Amino acid sequence: MFYAPTLRATRFSPRVYDRSFERFVNDAFSAARNSLNVEQDEKSWTLTLDVPGLSREDLTVGIEGAVVRIESKADAKRQFKAAYELPQEIDAATSDAKLEHGVLTLKLGKLVPVSKVLQLNIN
(Lines give C-alpha, C1' and ligand atoms only; values in the text may rest on other atoms or scores of the structure.)
Protein backbone atom coordinates (compact mmCIF):
# COMPACT_ATOMS: atom_id res chain seq x y z
CA MET A 1 0.00 0.00 0.00
CA PHE A 2 1.33 3.38 -0.99
CA TYR A 3 0.71 6.63 0.80
CA ALA A 4 0.66 9.63 -1.50
CA PRO A 5 -0.44 13.02 -0.24
CA THR A 6 -2.84 14.87 -2.46
CA LEU A 7 -1.59 18.10 -3.89
CA ARG A 8 -3.83 21.04 -4.43
CA ALA A 9 -3.48 23.20 -7.48
CA THR A 10 -4.60 26.28 -5.58
CA ARG A 11 -3.79 26.86 -1.98
CA PHE A 12 -6.19 28.37 0.46
CA SER A 13 -4.51 30.65 2.89
CA PRO A 14 -6.49 32.85 5.26
CA ARG A 15 -3.46 35.16 5.49
CA VAL A 16 -4.06 36.24 1.88
CA TYR A 17 -7.41 37.69 2.88
CA ASP A 18 -5.89 39.30 5.99
CA ARG A 19 -3.28 41.03 3.87
CA SER A 20 -5.91 42.22 1.40
CA PHE A 21 -7.99 43.70 4.19
CA GLU A 22 -4.90 45.31 5.73
CA ARG A 23 -4.00 46.93 2.38
CA PHE A 24 -7.58 48.19 2.00
CA VAL A 25 -7.60 49.77 5.47
CA ASN A 26 -4.15 51.33 5.03
CA ASP A 27 -5.13 52.84 1.68
CA ALA A 28 -8.39 54.22 3.07
CA PHE A 29 -6.73 55.88 6.05
CA SER A 30 -3.64 57.07 4.20
CA ALA A 31 -5.89 59.17 1.95
CA ALA A 32 -7.22 60.93 5.06
CA ARG A 33 -3.69 61.48 6.38
CA ASN A 34 -2.53 62.89 3.05
CA SER A 35 -5.13 65.66 3.26
CA LEU A 36 -3.23 67.21 6.21
CA ASN A 37 -0.27 69.46 5.56
CA VAL A 38 1.85 70.80 8.45
CA GLU A 39 4.43 73.58 8.16
CA GLN A 40 6.24 75.40 10.93
CA ASP A 41 8.47 78.37 11.58
CA GLU A 42 10.00 79.78 14.78
CA LYS A 43 6.73 81.20 16.12
CA SER A 44 3.91 79.03 14.76
CA TRP A 45 2.63 75.93 13.01
CA THR A 46 0.37 76.09 9.97
CA LEU A 47 -1.99 73.15 9.50
CA THR A 48 -3.90 72.87 6.23
CA LEU A 49 -6.72 70.33 6.17
CA ASP A 50 -9.30 69.42 3.51
CA VAL A 51 -12.86 69.48 4.86
CA PRO A 52 -15.10 69.57 1.78
CA GLY A 53 -18.81 70.09 2.33
CA LEU A 54 -18.44 71.81 5.72
CA SER A 55 -19.06 75.48 6.45
CA ARG A 56 -17.70 77.74 9.18
CA GLU A 57 -20.85 77.23 11.22
CA ASP A 58 -20.49 73.42 11.03
CA LEU A 59 -16.98 73.26 12.54
CA THR A 60 -15.57 73.76 16.01
CA VAL A 61 -11.86 74.01 16.76
CA GLY A 62 -10.66 73.44 20.33
CA ILE A 63 -7.18 73.91 21.77
CA GLU A 64 -6.08 72.18 24.96
CA GLY A 65 -2.39 72.27 25.81
CA ALA A 66 -0.56 70.79 22.82
CA VAL A 67 -3.67 69.19 21.28
CA VAL A 68 -5.93 70.77 18.67
CA ARG A 69 -9.35 69.14 18.11
CA ILE A 70 -11.47 69.73 15.03
CA GLU A 71 -15.07 68.49 15.05
CA SER A 72 -18.21 68.99 13.06
CA LYS A 73 -21.41 69.78 14.91
CA ALA A 74 -24.09 67.09 15.28
CA ASP A 75 -26.45 68.74 12.77
CA ALA A 76 -23.78 69.18 10.05
CA LYS A 77 -24.29 67.63 6.61
CA ARG A 78 -21.06 65.67 6.97
CA GLN A 79 -19.43 64.35 10.12
CA PHE A 80 -15.77 65.03 10.77
CA LYS A 81 -13.62 64.51 13.84
CA ALA A 82 -9.85 64.76 14.21
CA ALA A 83 -7.29 65.55 16.89
CA TYR A 84 -3.63 66.39 16.41
CA GLU A 85 -0.95 66.59 19.08
CA LEU A 86 1.89 69.01 18.47
CA PRO A 87 5.31 68.80 20.15
CA GLN A 88 4.88 72.06 22.08
CA GLU A 89 1.91 73.76 23.76
CA ILE A 90 -0.26 76.02 21.62
CA ASP A 91 -0.83 79.72 22.37
CA ALA A 92 -4.57 80.20 21.77
CA ALA A 93 -4.26 84.01 21.87
CA THR A 94 -2.03 84.12 18.78
CA SER A 95 -3.82 81.32 16.91
CA ASP A 96 -6.16 81.80 13.96
CA ALA A 97 -8.51 79.62 11.88
CA LYS A 98 -9.65 80.26 8.30
CA LEU A 99 -11.94 78.22 6.00
CA GLU A 100 -11.89 78.90 2.25
CA HIS A 101 -13.19 76.63 -0.53
CA GLY A 102 -13.28 73.53 1.67
CA VAL A 103 -9.73 74.01 3.01
CA LEU A 104 -9.33 74.72 6.73
CA THR A 105 -6.11 76.59 7.56
CA LEU A 106 -5.07 76.77 11.21
CA LYS A 107 -2.22 79.05 12.20
CA LEU A 108 -1.31 77.91 15.71
CA GLY A 109 1.11 80.00 17.74
CA LYS A 110 3.79 78.29 19.79
CA LEU A 111 3.56 79.00 23.51
CA VAL A 112 6.82 80.38 24.83
CA PRO A 113 7.65 78.64 28.11
CA VAL A 114 7.86 81.04 31.03
CA SER A 115 10.70 80.45 33.42
CA LYS A 116 9.56 80.12 37.02
CA VAL A 117 13.03 80.17 38.50
CA LEU A 118 13.32 82.16 41.74
CA GLN A 119 16.64 83.54 42.90
CA LEU A 120 17.58 82.91 46.52
CA ASN A 121 19.77 85.31 48.45
CA ILE A 122 22.82 83.74 49.99
CA ASN A 123 23.38 84.76 53.64
# chains A, B, ... in the order shown; residues from 1 in each chain; ligands from 1
>>> residues_around(residues="segment 108-110 of chain A", least_positions_apart="3", cutoff="8 Å", atoms="only C-alpha atoms", output="VMD selection string")
chain A and resid 43 to 47 88 to 96
>>> write_last_selection(atoms="N, CA, C and O atoms", output="CSV table (one decimal), in the first residue's frame")
chain,number,residue,atom,x,y,z
A,43,LYS,N,7.8,80.7,15.2
A,43,LYS,CA,6.7,81.2,16.1
A,43,LYS,C,5.4,80.4,16.0
A,43,LYS,O,4.5,80.6,16.9
A,44,SER,N,5.2,79.7,14.9
A,44,SER,CA,3.9,79.0,14.8
A,44,SER,C,4.0,77.8,13.9
A,44,SER,O,5.0,77.5,13.2
A,45,TRP,N,2.9,77.0,13.9
A,45,TRP,CA,2.6,75.9,13.0
A,45,TRP,C,1.5,76.4,12.1
A,45,TRP,O,0.6,77.1,12.5
A,46,THR,N,1.5,75.9,10.9
A,46,THR,CA,0.4,76.1,10.0
A,46,THR,C,-0.1,74.7,9.5
A,46,THR,O,0.6,74.0,8.9
A,47,LEU,N,-1.4,74.4,9.9
A,47,LEU,CA,-2.0,73.2,9.5
A,47,LEU,C,-3.0,73.5,8.4
A,47,LEU,O,-3.9,74.3,8.6
A,88,GLN,N,4.8,71.0,21.1
A,88,GLN,CA,4.9,72.1,22.1
A,88,GLN,C,3.5,72.6,22.3
A,88,GLN,O,2.6,72.5,21.4
A,89,GLU,N,3.2,73.2,23.5
A,89,GLU,CA,1.9,73.8,23.8
A,89,GLU,C,1.6,74.9,22.8
A,89,GLU,O,2.4,75.6,22.3
A,90,ILE,N,0.2,75.1,22.6
A,90,ILE,CA,-0.3,76.0,21.6
A,90,ILE,C,-0.7,77.3,22.4
A,90,ILE,O,-1.4,77.2,23.4
A,91,ASP,N,-0.4,78.4,21.8
A,91,ASP,CA,-0.8,79.7,22.4
A,91,ASP,C,-2.1,80.1,21.7
A,91,ASP,O,-2.1,80.5,20.5
A,92,ALA,N,-3.3,79.9,22.4
A,92,ALA,CA,-4.6,80.2,21.8
A,92,ALA,C,-4.8,81.7,21.4
A,92,ALA,O,-5.5,82.0,20.5
A,93,ALA,N,-4.1,82.6,22.1
A,93,ALA,CA,-4.3,84.0,21.9
A,93,ALA,C,-3.7,84.4,20.5
A,93,ALA,O,-4.2,85.3,19.9
A,94,THR,N,-2.7,83.8,20.1
A,94,THR,CA,-2.0,84.1,18.8
A,94,THR,C,-2.4,83.2,17.7
A,94,THR,O,-1.9,83.2,16.6
A,95,SER,N,-3.4,82.3,17.9
A,95,SER,CA,-3.8,81.3,16.9
A,95,SER,C,-5.0,81.9,16.1
A,95,SER,O,-5.7,82.7,16.6
A,96,ASP,N,-5.1,81.3,14.9
A,96,ASP,CA,-6.2,81.8,14.0
A,96,ASP,C,-6.6,80.6,13.1
A,96,ASP,O,-5.9,79.7,12.8
>>> atom_distance(atom1="atom CA of Thr48 of chain A", atom2="atom CA of Leu106 of chain A")
6.4 Å
>>> residues_around(residues="Glu100 of chain A", least_positions_apart="2", cutoff="12 Å", atoms="only C-alpha atoms", output="MDAnalysis selection string")
chainID A and resid 48:56 97:98 102:106
>>> write_last_selection(atoms="N, CA and C atoms", output="short mmCIF file (atom, residue, chain, number, x, y, z; two decimals), in the first residue's frame")
data_model
loop_
_atom_site.label_atom_id
_atom_site.label_comp_id
_atom_site.auth_asym_id
_atom_site.auth_seq_id
_atom_site.Cartn_x
_atom_site.Cartn_y
_atom_site.Cartn_z
N THR A 48 -2.94 72.73 7.32
CA THR A 48 -3.90 72.87 6.23
C THR A 48 -4.60 71.53 6.08
N LEU A 49 -5.94 71.55 6.13
CA LEU A 49 -6.72 70.33 6.17
C LEU A 49 -7.91 70.45 5.23
N ASP A 50 -8.14 69.43 4.40
CA ASP A 50 -9.30 69.42 3.51
C ASP A 50 -10.54 68.98 4.26
N VAL A 51 -11.57 69.81 4.24
CA VAL A 51 -12.86 69.48 4.86
C VAL A 51 -13.99 69.86 3.90
N PRO A 52 -14.09 69.18 2.76
CA PRO A 52 -15.10 69.57 1.78
C PRO A 52 -16.51 69.34 2.32
N GLY A 53 -17.42 70.22 1.94
CA GLY A 53 -18.81 70.09 2.33
C GLY A 53 -19.15 70.65 3.70
N LEU A 54 -18.19 71.24 4.40
CA LEU A 54 -18.44 71.81 5.72
C LEU A 54 -18.28 73.32 5.67
N SER A 55 -19.14 74.03 6.39
CA SER A 55 -19.06 75.48 6.45
C SER A 55 -18.46 75.91 7.78
N ARG A 56 -18.25 77.20 7.94
CA ARG A 56 -17.70 77.74 9.18
C ARG A 56 -18.59 77.42 10.38
N ALA A 97 -7.94 80.65 12.74
CA ALA A 97 -8.51 79.62 11.88
C ALA A 97 -9.21 80.30 10.71
N LYS A 98 -9.05 79.69 9.50
CA LYS A 98 -9.65 80.26 8.30
C LYS A 98 -10.14 79.12 7.43
N GLY A 102 -13.42 74.87 1.14
CA GLY A 102 -13.28 73.53 1.67
C GLY A 102 -11.93 73.21 2.27
N VAL A 103 -11.07 74.22 2.43
CA VAL A 103 -9.73 74.01 3.01
C VAL A 103 -9.66 74.80 4.31
N LEU A 104 -9.47 74.10 5.42
CA LEU A 104 -9.33 74.72 6.73
C LEU A 104 -7.84 74.96 6.98
N THR A 105 -7.49 76.22 7.27
CA THR A 105 -6.11 76.59 7.56
C THR A 105 -6.05 77.08 9.00
N LEU A 106 -5.27 76.40 9.81
CA LEU A 106 -5.07 76.77 11.21
C LEU A 106 -3.65 77.30 11.37
#
